[in-house]
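Undergrad: Next up is a structure, given as structure tokens.
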Amino acid sequence: MSLKAITIPASASVPQGLVVLLHGWGANAQDVQDLAPYMNLPNYQYVFPDAPFPHPYNPVGKMWYDLIAEFQFESTPGFIDRPDLSASRQALTDFLQQLPETTGIPLSRTILGGFSQGGAMTLDVGLKLPLAGLMVLSGYLHAPLPVETHPPVLMVHGKQDPVVPLKAAQNARDYLDTKGLAVKYQEFDNMGHEISPPALHQMQVFVNTILGNL
């Protein structure tokens with residue numbers, strides 16, 4: 001299973017790094033591509049992959065896995081072995097490992113981020129790869145995961161999020177803390193299940209700080 005993706009080249013002849021952003025449940029690569037101008041990172045290349053599975057209700061939407069009725073955003077240990085999640089995990093891992101060959105940018109200069117379900121996939125896959133950093137945007141943790149690498153992590157979440165409970169983000173933050181990761185965590189008072197301008201600013205600062213210091 002291979003992933004299709006949208007790529008936006010850097011304006012610089014030699015990109016400072018690579019930013020990979022994963023969309024959420026029912027969205028697609030185009031949705032997160034639309035964020036690129038607002039992040040204002042012209043010297044970085046962007047890659048926006050589509051999830052591999054069609055969404056059951058949105059004809060143009062994609063999903064990394066289906067959200068079954070008994071799923072709990074605050075961590076569901078048995079969920080981590082679902083066939084659709086396992087297939088997406090492998091497809092995304094393979095996709096990321098092939099990026100240095102296709103982009104010329106090593107994983108050590110690549111930041112992986114994702115919104116909502118894409119944020120959960122970011123943690124699921126990103127903690128096993130030698131990435132420069134991770135961004136979890138209104139996301140959550142599937143279940144306690146093995147941590148093989150320790151990239152810095154940005155987590156942002158809206159206090160008014162009606163989809164992914166704030167407690168789910170707090171639990172994910174606390175788990176990463178116990179594993180010794182450096183987590184920059186911020187809650188926004190007036191943000192729902194979205195990526196607001198202040199959150200975009202935090203992403204911009206995080207990318208420039210991490211990749212600018214490497």
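We label chains A, B, ... in the order they appear in the structure tokens, count residues from 1 in each chain, and number ligands from 1 in the order shown.
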Enumerate as a count of residues only all residues of segment 9-153 of chain A assigned to strand (DSSP E) by DSSP on the backbone, naming them with the chain letters and numbers the document uses.
TA: 28
Undergrad: Give me the residues near segment 115-122 of chain A as number ranges by chain, where near means some atom within 6 Å (using only C-alpha atoms) and where sequence neighbours in that chain fewer than 2 positions away do not count.
TA: A: 22-25, 113, 124-126, 136-141
Undergrad: As a count of residues only, please: the residues near Met39 of chain A (cut-off 9 Å, only C-alpha atoms, same-chain neighbours under 3 positions excluded).
TA: 8
Undergrad: Would you mind telling me which residue in A:Gly26, A:Val163, A:Lys62, A:His150 lies nearest to Val183 of chain A when using only C-alpha atoms?
TA: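 Ranking A:Gly26, A:Val163, A:Lys62, A:His150 by distance to Val183 of chain A, first place goes to A:His150.
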Undergrad: I'd like the contact shell of Phe206 of chain A - 12 Å cut-off, only C-alpha atoms, skipping same-chain residues fewer than 6 positions apart - returned as a list of chain:residue names.
TA: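 Residues near the query, excluding close chain neighbours: A:Val19, A:Met39, A:Leu41, A:Ile111, A:Leu112, A:Gly113, A:Ala132, A:Gly133, A:Leu134, A:Met135, A:Val136, A:Pro152, A:Val153, A:Leu154, A:Met155, A:Val156, A:Val183, A:Lys184, A:Tyr185, A:Ala199, A:Leu200, A:Gly212, A:Asn213.
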Undergrad: Can you pull out every residue from segment 71-211 of chain A that DSSP, working from the backbone, puts in helix (DSSP H, G or I), and format the result as a PyMOL selection string?
TA: chain A and resi 77-81+83-103+107-109+117-126+166-178+197-211
Undergrad: Which of these, A:Lys179, A:Lys4, A:His193, A:Arg109, has the shortest distance to Pro144 of chain A once you count only C-alpha atoms?
TA: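 Closest residue, counting only C-alpha atoms: A:Lys179.
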